[in-house]
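Data block for target.tsv (TSV, C-alpha atoms and all ligand atoms):
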```tsv
chain	number	residue	atom	x	y	z
A	1	MET	CA	-130.87	-21.23	103.53
A	2	ARG	CA	-134.40	-22.52	103.24
A	3	GLY	CA	-135.69	-22.75	99.61
A	4	CYS	CA	-132.29	-22.28	98.02
A	5	SER	CA	-132.34	-25.44	95.89
A	6	THR	CA	-130.75	-25.80	92.45
A	7	GLY	CA	-134.20	-25.41	90.84
A	8	HIS	CA	-134.84	-22.16	92.65
A	9	PHE	CA	-131.37	-20.97	91.76
A	10	LEU	CA	-131.89	-21.68	88.03
A	11	ASN	CA	-135.28	-19.95	88.06
A	12	ALA	CA	-133.75	-16.93	89.74
A	13	LEU	CA	-130.92	-16.92	87.20
A	14	VAL	CA	-133.32	-17.02	84.25
A	15	THR	CA	-135.35	-14.18	85.80
A	16	ALA	CA	-132.18	-12.15	86.36
A	17	VAL	CA	-131.02	-12.67	82.75
A	18	ARG	CA	-134.47	-11.63	81.45
A	19	LEU	CA	-134.33	-8.51	83.63
A	20	VAL	CA	-130.85	-7.59	82.36
A	21	LEU	CA	-132.01	-8.03	78.73
A	22	LEU	CA	-135.10	-5.88	79.36
A	23	VAL	CA	-133.12	-3.12	81.06
A	24	GLY	CA	-130.49	-3.24	78.28
A	25	CYS	CA	-133.21	-2.92	75.66
A	26	LEU	CA	-134.78	0.05	77.46
A	27	ILE	CA	-131.40	1.77	77.83
A	28	SER	CA	-130.62	1.42	74.13
A	29	LEU	CA	-134.06	2.73	73.15
A	30	THR	CA	-133.68	5.65	75.55
A	31	SER	CA	-130.31	6.56	74.10
A	32	ILE	CA	-131.70	6.49	70.55
A	33	TRP	CA	-134.55	8.80	71.60
A	34	GLY	CA	-132.12	10.85	73.62
A	35	LEU	CA	-129.86	11.38	70.62
A	36	GLY	CA	-132.77	12.76	68.65
A	37	GLN	CA	-133.69	15.15	71.40
A	38	THR	CA	-130.22	16.33	72.38
A	39	GLU	CA	-128.50	16.80	69.03
A	40	SER	CA	-125.56	19.11	69.67
A	41	PRO	CA	-126.21	22.77	68.76
A	42	VAL	CA	-122.75	22.58	67.14
A	43	THR	CA	-124.08	20.10	64.58
A	44	LYS	CA	-127.24	22.14	63.98
A	45	ILE	CA	-125.38	25.43	63.54
A	46	ASN	CA	-122.78	23.89	61.22
A	47	ALA	CA	-125.56	22.41	59.09
A	48	ALA	CA	-127.35	25.76	58.96
A	49	ALA	CA	-124.12	27.54	57.95
A	50	ALA	CA	-123.39	25.01	55.21
A	51	GLY	CA	-126.68	25.81	53.52
A	52	ALA	CA	-126.83	29.54	54.27
A	53	GLU	CA	-126.12	32.47	52.00
A	54	ILE	CA	-124.08	35.32	53.49
A	55	THR	CA	-125.95	38.61	53.68
A	56	THR	CA	-124.24	41.97	54.06
A	57	GLU	CA	-125.72	44.87	56.02
A	58	ARG	CA	-124.14	48.31	55.89
A	59	LEU	CA	-123.85	49.98	59.28
A	60	ARG	CA	-122.25	53.40	59.58
A	61	GLY	CA	-119.09	54.83	58.10
A	62	ASN	CA	-117.17	52.01	56.45
A	63	LEU	CA	-118.56	49.29	58.67
A	64	SER	CA	-120.66	46.35	57.57
A	65	VAL	CA	-121.99	43.17	59.13
A	66	LEU	CA	-121.95	39.78	57.40
A	67	MET	CA	-124.58	37.32	58.61
A	68	GLY	CA	-125.35	33.68	57.89
A	69	SER	CA	-122.34	31.73	59.19
A	70	GLY	CA	-122.42	31.24	62.96
A	71	GLY	CA	-121.85	34.49	64.83
A	72	ASN	CA	-122.18	37.90	63.22
A	73	ILE	CA	-119.06	39.19	61.43
A	74	THR	CA	-118.20	42.91	61.49
A	75	VAL	CA	-115.94	44.39	58.80
A	76	LEU	CA	-114.27	47.80	58.56
A	77	THR	CA	-113.33	48.50	54.94
A	78	VAL	CA	-110.73	51.22	54.26
A	79	PRO	CA	-108.10	51.77	51.53
A	80	GLU	CA	-105.46	50.18	53.81
A	81	GLY	CA	-107.44	46.94	53.84
A	82	LYS	CA	-110.03	45.37	56.08
A	83	PHE	CA	-110.31	45.00	59.85
A	84	MET	CA	-112.61	42.12	60.70
A	85	VAL	CA	-114.27	41.04	63.95
A	86	ASP	CA	-115.00	37.30	64.11
A	87	ALA	CA	-114.64	34.83	61.27
A	88	GLY	CA	-117.73	32.64	61.13
A	89	ILE	CA	-117.61	28.91	60.42
A	90	GLY	CA	-114.99	27.34	58.16
A	91	VAL	CA	-117.53	25.64	55.92
A	92	SER	CA	-118.59	29.15	54.73
A	93	CYS	CA	-115.05	30.19	53.72
A	94	ALA	CA	-115.82	30.61	50.00
A	95	LYS	CA	-119.07	32.50	50.61
A	96	ILE	CA	-117.56	34.78	53.28
A	97	THR	CA	-114.60	35.49	50.99
A	98	ALA	CA	-116.99	36.42	48.18
A	99	ALA	CA	-118.90	38.75	50.52
A	100	LEU	CA	-115.63	40.37	51.64
A	101	ASN	CA	-114.51	40.85	48.04
A	102	ALA	CA	-117.84	42.47	47.22
A	103	LEU	CA	-117.07	45.15	49.85
A	104	SER	CA	-113.64	45.89	48.34
A	105	ARG	CA	-110.69	44.10	46.79
A	106	GLU	CA	-108.37	45.06	49.67
A	107	PRO	CA	-107.31	42.11	51.82
A	108	VAL	CA	-108.20	41.53	55.47
A	109	ARG	CA	-105.20	42.82	57.47
A	110	PHE	CA	-106.50	42.09	60.96
A	111	LEU	CA	-109.03	39.68	62.42
A	112	VAL	CA	-110.17	39.96	66.05
A	113	ASN	CA	-111.90	37.10	67.87
A	114	THR	CA	-114.56	38.26	70.36
A	115	HIS	CA	-114.13	34.91	72.20
A	116	TRP	CA	-112.97	31.35	71.58
A	117	HIS	CA	-116.23	29.67	70.41
A	118	TRP	CA	-116.03	27.87	67.10
A	119	ASP	CA	-118.92	29.77	65.49
A	120	HIS	CA	-116.72	32.89	65.76
A	121	THR	CA	-113.26	31.33	65.23
A	122	ASP	CA	-113.66	28.28	62.98
A	123	GLY	CA	-113.13	30.62	60.00
A	124	ASN	CA	-109.81	31.88	61.43
A	125	LYS	CA	-107.80	29.63	59.11
A	126	CYS	CA	-109.73	30.86	56.07
A	127	ILE	CA	-108.99	34.50	56.92
A	128	HIS	CA	-105.40	33.90	58.09
A	129	ASP	CA	-104.67	32.13	54.81
A	130	GLN	CA	-105.59	35.41	53.09
A	131	GLY	CA	-102.87	37.20	55.07
A	132	ALA	CA	-104.64	38.44	58.21
A	133	THR	CA	-103.04	38.75	61.64
A	134	ILE	CA	-105.33	37.35	64.35
A	135	ILE	CA	-105.86	39.31	67.59
A	136	ALA	CA	-107.61	38.05	70.76
A	137	GLN	CA	-107.72	38.10	74.53
A	138	GLU	CA	-104.99	35.81	75.85
A	139	ASN	CA	-107.42	33.16	77.16
A	140	THR	CA	-108.72	32.64	73.61
A	141	LEU	CA	-105.31	31.31	72.59
A	142	LYS	CA	-105.31	28.99	75.59
A	143	ARG	CA	-108.74	27.60	74.69
A	144	LEU	CA	-107.90	27.16	70.98
A	145	SER	CA	-104.59	25.42	71.75
A	146	VAL	CA	-106.06	22.38	73.50
A	147	ALA	CA	-108.96	19.97	73.03
A	148	THR	CA	-111.94	21.65	74.69
A	149	ARG	CA	-115.08	19.94	75.91
A	150	VAL	CA	-118.31	21.96	76.14
A	151	GLU	CA	-120.62	19.79	78.23
A	152	ASP	CA	-123.81	21.64	77.41
A	153	TRP	CA	-123.18	21.23	73.68
A	154	ASN	CA	-122.22	17.59	74.18
A	155	PHE	CA	-119.21	18.30	71.99
A	156	THR	CA	-115.40	18.22	72.19
A	157	PHE	CA	-113.40	20.49	69.89
A	158	ASP	CA	-109.95	19.54	68.65
A	159	PRO	CA	-107.17	22.12	69.07
A	160	TRP	CA	-107.23	24.72	66.26
A	161	PRO	CA	-104.42	24.42	63.69
A	162	MET	CA	-101.43	26.64	64.54
A	163	GLU	CA	-102.14	29.11	61.76
A	164	ALA	CA	-105.74	29.54	62.98
A	165	ARG	CA	-104.68	30.64	66.47
A	166	PRO	CA	-104.34	34.32	67.47
A	167	SER	CA	-100.76	35.65	67.43
A	168	VAL	CA	-101.39	39.11	68.90
A	169	LEU	CA	-102.71	38.87	72.45
A	170	PHE	CA	-103.78	41.20	75.21
A	171	LYS	CA	-105.05	40.76	78.74
A	172	THR	CA	-107.30	43.73	79.56
A	173	ASP	CA	-107.21	46.20	76.67
A	174	LYS	CA	-105.67	47.11	73.35
A	175	THR	CA	-106.16	50.12	71.11
A	176	GLN	CA	-105.31	50.08	67.43
A	177	GLN	CA	-105.42	52.76	64.75
A	178	PHE	CA	-106.44	51.55	61.31
A	179	GLY	CA	-107.45	53.60	58.28
A	180	GLY	CA	-108.42	56.68	60.31
A	181	GLU	CA	-110.52	54.63	62.78
A	182	THR	CA	-109.64	54.01	66.42
A	183	ILE	CA	-110.48	50.50	67.52
A	184	VAL	CA	-110.63	49.89	71.27
A	185	MET	CA	-110.66	46.29	72.51
A	186	ASN	CA	-111.52	45.58	76.16
A	187	SER	CA	-111.82	42.53	78.36
A	188	PHE	CA	-114.07	43.00	81.38
A	189	GLY	CA	-113.47	39.50	82.74
A	190	PRO	CA	-115.47	36.31	82.27
A	191	GLY	CA	-119.18	36.26	81.36
A	192	HIS	CA	-120.31	34.16	78.40
A	193	THR	CA	-116.88	32.42	78.53
A	194	ASP	CA	-113.56	33.44	80.09
A	195	THR	CA	-112.34	34.86	76.76
A	196	ASP	CA	-114.93	37.58	75.96
A	197	ILE	CA	-113.96	41.01	74.67
A	198	VAL	CA	-115.79	44.12	73.50
A	199	VAL	CA	-114.60	45.80	70.28
A	200	TYR	CA	-115.50	49.47	69.91
A	201	PHE	CA	-115.09	51.46	66.68
A	202	LYS	CA	-114.81	54.92	68.18
A	203	LYS	CA	-115.27	57.19	65.18
A	204	ALA	CA	-118.23	55.22	63.79
A	205	ASP	CA	-119.65	54.69	67.31
A	206	VAL	CA	-120.23	50.99	66.63
A	207	MET	CA	-119.79	48.49	69.45
A	208	VAL	CA	-119.30	44.79	68.73
A	209	LEU	CA	-120.24	42.69	71.74
A	210	GLY	CA	-119.80	39.14	70.49
A	211	ASP	CA	-121.82	36.73	72.62
A	212	ILE	CA	-122.07	39.16	75.53
A	213	PHE	CA	-125.27	40.17	73.66
A	214	TRP	CA	-127.78	37.96	71.82
A	215	ASN	CA	-130.40	40.28	70.36
A	216	GLY	CA	-133.91	38.86	70.86
A	217	VAL	CA	-132.88	35.25	71.61
A	218	TYR	CA	-131.78	33.36	74.73
A	219	PRO	CA	-127.98	33.25	74.94
A	220	PHE	CA	-125.72	30.30	75.47
A	221	ILE	CA	-123.70	30.54	78.68
A	222	ASP	CA	-120.60	28.38	78.61
A	223	ASN	CA	-120.27	27.05	82.14
A	224	SER	CA	-117.53	24.68	80.88
A	225	THR	CA	-115.11	27.47	79.95
A	226	GLY	CA	-115.54	30.14	82.60
A	227	GLY	CA	-119.00	31.53	81.80
A	228	SER	CA	-121.82	32.02	84.32
A	229	ILE	CA	-125.16	33.81	84.53
A	230	ASP	CA	-123.70	36.30	87.00
A	231	GLY	CA	-120.76	36.98	84.69
A	232	ALA	CA	-123.13	37.35	81.73
A	233	ILE	CA	-125.18	39.93	83.66
A	234	ARG	CA	-122.06	41.77	84.75
A	235	LEU	CA	-120.77	42.04	81.16
A	236	ALA	CA	-124.18	43.14	79.89
A	237	ASN	CA	-124.10	45.90	82.54
A	238	GLU	CA	-120.58	46.92	81.49
A	239	ALA	CA	-121.80	47.19	77.91
A	240	VAL	CA	-124.92	49.19	78.83
A	241	GLU	CA	-122.72	51.72	80.65
A	242	ARG	CA	-120.52	52.21	77.57
A	243	VAL	CA	-123.13	52.94	74.91
A	244	THR	CA	-125.53	55.78	74.15
A	245	ASP	CA	-128.80	55.84	72.25
A	246	LYS	CA	-126.76	56.63	69.12
A	247	THR	CA	-124.39	53.65	69.37
A	248	ILE	CA	-124.96	50.86	66.87
A	249	ILE	CA	-124.55	47.56	68.70
A	250	VAL	CA	-123.57	44.34	66.91
A	251	PRO	CA	-124.61	41.26	68.91
A	252	GLY	CA	-123.02	37.84	68.54
A	253	HIS	CA	-126.36	36.50	67.30
A	254	GLY	CA	-129.55	38.18	66.16
A	255	PRO	CA	-130.07	41.44	64.28
A	256	VAL	CA	-128.01	44.60	64.72
A	257	GLY	CA	-129.33	46.39	67.80
A	258	ASN	CA	-129.33	49.46	69.97
A	259	ARG	CA	-129.07	50.43	73.62
A	260	ALA	CA	-132.77	49.83	74.38
A	261	GLU	CA	-132.51	46.26	73.07
A	262	LEU	CA	-129.33	45.66	75.05
A	263	VAL	CA	-131.07	46.90	78.21
A	264	GLU	CA	-134.00	44.57	77.51
A	265	PHE	CA	-131.56	41.66	77.11
A	266	ARG	CA	-129.88	42.53	80.42
A	267	ASP	CA	-133.25	42.78	82.16
A	268	MET	CA	-134.28	39.36	80.78
A	269	LEU	CA	-131.08	37.82	82.20
A	270	VAL	CA	-131.69	39.45	85.59
A	271	GLY	CA	-135.36	38.37	85.67
A	272	ILE	CA	-134.69	34.73	84.83
A	273	ARG	CA	-131.72	34.53	87.19
A	274	LYS	CA	-133.99	35.74	89.99
A	275	ASN	CA	-136.70	33.15	89.20
A	276	VAL	CA	-134.27	30.22	88.89
A	277	SER	CA	-132.34	31.26	92.00
A	278	ARG	CA	-135.50	31.42	94.11
A	279	LEU	CA	-136.53	27.90	93.04
A	280	LYS	CA	-133.05	26.48	93.51
A	281	LYS	CA	-132.83	27.96	97.00
A	282	GLN	CA	-136.05	26.08	97.84
A	283	GLY	CA	-134.05	22.92	97.20
A	284	LYS	CA	-135.74	22.06	93.92
A	285	SER	CA	-133.95	19.74	91.49
A	286	LEU	CA	-133.07	20.85	87.97
A	287	ASP	CA	-136.00	18.85	86.56
A	288	ASP	CA	-138.41	20.47	89.03
A	289	VAL	CA	-137.12	23.93	88.21
A	290	ILE	CA	-137.50	23.31	84.45
A	291	ALA	CA	-141.04	22.01	85.10
A	292	ALA	CA	-141.85	25.22	87.01
A	293	ARG	CA	-141.07	27.21	83.81
A	294	PRO	CA	-139.12	30.11	85.32
A	295	THR	CA	-138.65	31.59	81.84
A	296	ALA	CA	-142.36	31.52	80.90
A	297	ALA	CA	-142.83	35.30	80.83
A	298	TYR	CA	-139.92	35.63	78.39
A	299	ASP	CA	-140.29	32.59	76.13
A	300	ALA	CA	-142.48	34.15	73.43
A	301	LYS	CA	-139.87	36.80	72.67
A	302	TRP	CA	-136.59	35.03	73.47
A	303	GLY	CA	-137.19	31.29	73.17
A	304	GLY	CA	-137.33	30.73	69.42
A	305	PHE	CA	-133.67	30.14	68.55
A	306	VAL	CA	-131.07	27.44	69.23
A	307	ILE	CA	-131.21	27.93	73.01
A	308	GLY	CA	-134.75	27.03	74.03
A	309	PRO	CA	-136.41	27.65	77.42
A	310	ASP	CA	-135.41	24.30	78.97
A	311	LEU	CA	-131.77	24.53	77.95
A	312	PHE	CA	-131.52	28.15	79.06
A	313	THR	CA	-133.05	27.27	82.44
A	314	ARG	CA	-130.48	24.48	82.79
A	315	LEU	CA	-127.58	26.80	81.93
A	316	VAL	CA	-128.71	29.31	84.55
A	317	TYR	CA	-129.43	26.66	87.20
A	318	GLN	CA	-126.04	25.02	86.73
A	319	SER	CA	-124.15	28.28	87.09
A	320	LEU	CA	-125.84	29.34	90.35
A	401	ZN	ZN	-120.19	32.07	72.09
```
Starting from the file, lay out its structure as structure tokens.
Amino acid sequence: MRGCSTGHFLNALVTAVRLVLLVGCLISLTSIWGLGQTESPVTKINAAAAGAEITTERLRGNLSVLMGSGGNITVLTVPEGKFMVDAGIGVSCAKITAALNALSREPVRFLVNTHWHWDHTDGNKCIHDQGATIIAQENTLKRLSVATRVEDWNFTFDPWPMEARPSVLFKTDKTQQFGGETIVMNSFGPGHTDTDIVVYFKKADVMVLGDIFWNGVYPFIDNSTGGSIDGAIRLANEAVERVTDKTIIVPGHGPVGNRAELVEFRDMLVGIRKNVSRLKKQGKSLDDVIAARPTAAYDAKWGGFVIGPDLFTRLVYQSL
């Protein structure tokens, strides 16, 4: 053990301590910067909802869309009461209630959740407290009944309170008559999550797609709870097959759309999946794939909302 004297040992120890302090300092700085860069979309969307006004857009027949609190909210207003699809974020309860009352004084009788995500279900308690029965695909109840971690949002949700959970469940389909309208609810399997459903108002020819469709913006794909890019493409295809040029299509996020916009969304998913898949098959790491900008051709149109090009690339890469 030549050179291993006490002096050498002390010098080495001092050097090691300095190194540990330096590394510790760098790690803490990195995590502060990292926090700034990776603020959870949940926090951003809640903050946006808290400050937002609710706007109401009339569709066709007695259907309207309320926007401004998380996902789009669709409302059928008839003398028997209201039939509502998705509930927005709880912080908007008073504003959503005011918007509902402006449509009519009749109460909400039924609320359907298009999937489990909080920006569509956090308002469940608000609407249930007004007397509504909550309907959803059976997996939505499972997700809302336990603490659920969404890795890509860096966020863990507590279980929803009992009264905010759906009490009427179905697995593949359910049809309900309400105020002269026929409402058809279908699950076509997992896509954006493993809880997604399509809600079709037959007489009005209005289809509500929840987060199967984000009109003009990159979608979130929840790899943590059963979603995948392939599932998202499959559900977009199912939706395209079920609409005509006359169908009004309500996306989960973005403006009310039509078949051509839904087709463009599907084609964007297919195009980016192809680009990311090719790079991943070459053995490239996630960082290398992001650096190669596989979404570049689409970013100007689709990249301006909560899900930016880098995050969307990551979501696709991780699910392939
Ligand atoms: Zn969602």
Near ligand ZN 401 (chain A), 7 Å: chain A residue rows, closest pairs, all atoms listed in the file, as JSON lines:
```
{"residue": "A:His115", "atom": "CA", "partner": "A:ZN401", "partner_atom": "ZN", "distance": 6.7}
{"residue": "A:His117", "atom": "CA", "partner": "A:ZN401", "partner_atom": "ZN", "distance": 4.9}
{"residue": "A:His192", "atom": "CA", "partner": "A:ZN401", "partner_atom": "ZN", "distance": 6.6}
{"residue": "A:Asp211", "atom": "CA", "partner": "A:ZN401", "partner_atom": "ZN", "distance": 5.0}
{"residue": "A:Phe220", "atom": "CA", "partner": "A:ZN401", "partner_atom": "ZN", "distance": 6.7}
```
- Task: Identify, on the basis of all atoms listed in the file, every residue whose closest approach to stretch 69-72 of chain A does not exceed 8 Å; exclude the query and any residue fewer than 5 positions from it along the same chain; express the result as a ChimeraX atom specification.
- Result: /A:45-46,48-50,52,54,86,88-89,92,119-120,210,250-254
12 Å contact set for A:Val276, all atoms listed in the file, chain neighbours under 5 positions out, as a ChimeraX atom specification: /A:229,269-271,281-296,309-310,312-320
Include C-alpha atoms and write out the residues we just selected as a compact mmCIF listing (two decimals), keeping the file's coordinate frame.
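What follows is the written file part.txt:
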```
# COMPACT_ATOMS: atom_id res chain seq x y z
CA ILE A 229 -125.16 33.81 84.53
CA LEU A 269 -131.08 37.82 82.20
CA VAL A 270 -131.69 39.45 85.59
CA GLY A 271 -135.36 38.37 85.67
CA LYS A 281 -132.83 27.96 97.00
CA GLN A 282 -136.05 26.08 97.84
CA GLY A 283 -134.05 22.92 97.20
CA LYS A 284 -135.74 22.06 93.92
CA SER A 285 -133.95 19.74 91.49
CA LEU A 286 -133.07 20.85 87.97
CA ASP A 287 -136.00 18.85 86.56
CA ASP A 288 -138.41 20.47 89.03
CA VAL A 289 -137.12 23.93 88.21
CA ILE A 290 -137.50 23.31 84.45
CA ALA A 291 -141.04 22.01 85.10
CA ALA A 292 -141.85 25.22 87.01
CA ARG A 293 -141.07 27.21 83.81
CA PRO A 294 -139.12 30.11 85.32
CA THR A 295 -138.65 31.59 81.84
CA ALA A 296 -142.36 31.52 80.90
CA PRO A 309 -136.41 27.65 77.42
CA ASP A 310 -135.41 24.30 78.97
CA PHE A 312 -131.52 28.15 79.06
CA THR A 313 -133.05 27.27 82.44
CA ARG A 314 -130.48 24.48 82.79
CA LEU A 315 -127.58 26.80 81.93
CA VAL A 316 -128.71 29.31 84.55
CA TYR A 317 -129.43 26.66 87.20
CA GLN A 318 -126.04 25.02 86.73
CA SER A 319 -124.15 28.28 87.09
CA LEU A 320 -125.84 29.34 90.35
```
Selection near A:Leu59, 9 Å with all atoms listed in the file, sequence-local residues under 4 positions removed, as a PyMOL selection string:
chain A and resi 63-65+204+206+248+256
Q: Could you give me, as a ChimeraX atom specification, the residues within 10 Å of stretch 241-243 of chain A, counting all atoms listed in the file and dropping anything in the same chain fewer than 5 positions from it?
A: /A:200,205-207,235-236,248-249,258-259,262-263
Worksheet item: Using all atoms listed in the file, which residues sit within 9 Å of A:Ile233 once same-chain residues fewer than 4 positions away are excluded, as a ChimeraX atom specification?
Response: /A:191,212,228-229,237-238,266-267,269-270
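Atom CA of A:Thr193 sits 22.0 Å away from atom CA of A:Thr175.
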Using all atoms listed in the file, which of the listed residues (A:Val42, A:Leu144, A:Val91, A:Val150) sits closest to A:Ser224?
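Result for the nearest residue to A:Ser224: A:Val150.
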Correct to one decimal, the distance atom CA of A:Thr121-atom CA of A:Asn139 is 13.4 Å
Judged by only C-alpha atoms, the minimum distance to A:Met162 among A:Lys280, A:Lys125, A:Arg143, A:Arg149 is found for A:Lys125
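The two atoms in question, atom CA of A:Glu138 and atom CA of A:Asp152, are spaced 23.6 Å apart.
Compared by their closest atoms to A:Lys95, and using only C-alpha atoms, the residues A:Val208, A:Cys126, A:Leu279, A:Ala132 rank with A:Cys126 nearest.
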Nearest residue to A:Asp196 out of A:Thr244, A:Asn154, A:Thr140, A:Thr148, using all atoms listed in the file?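 Going through A:Thr244, A:Asn154, A:Thr140, A:Thr148 one by one, the smallest distance to A:Asp196 is for A:Thr140.
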Between A:Asp173, A:Glu163, A:Asp158, A:Glu151, smallest distance to A:Gln130 by all atoms listed in the file belongs to A:Glu163
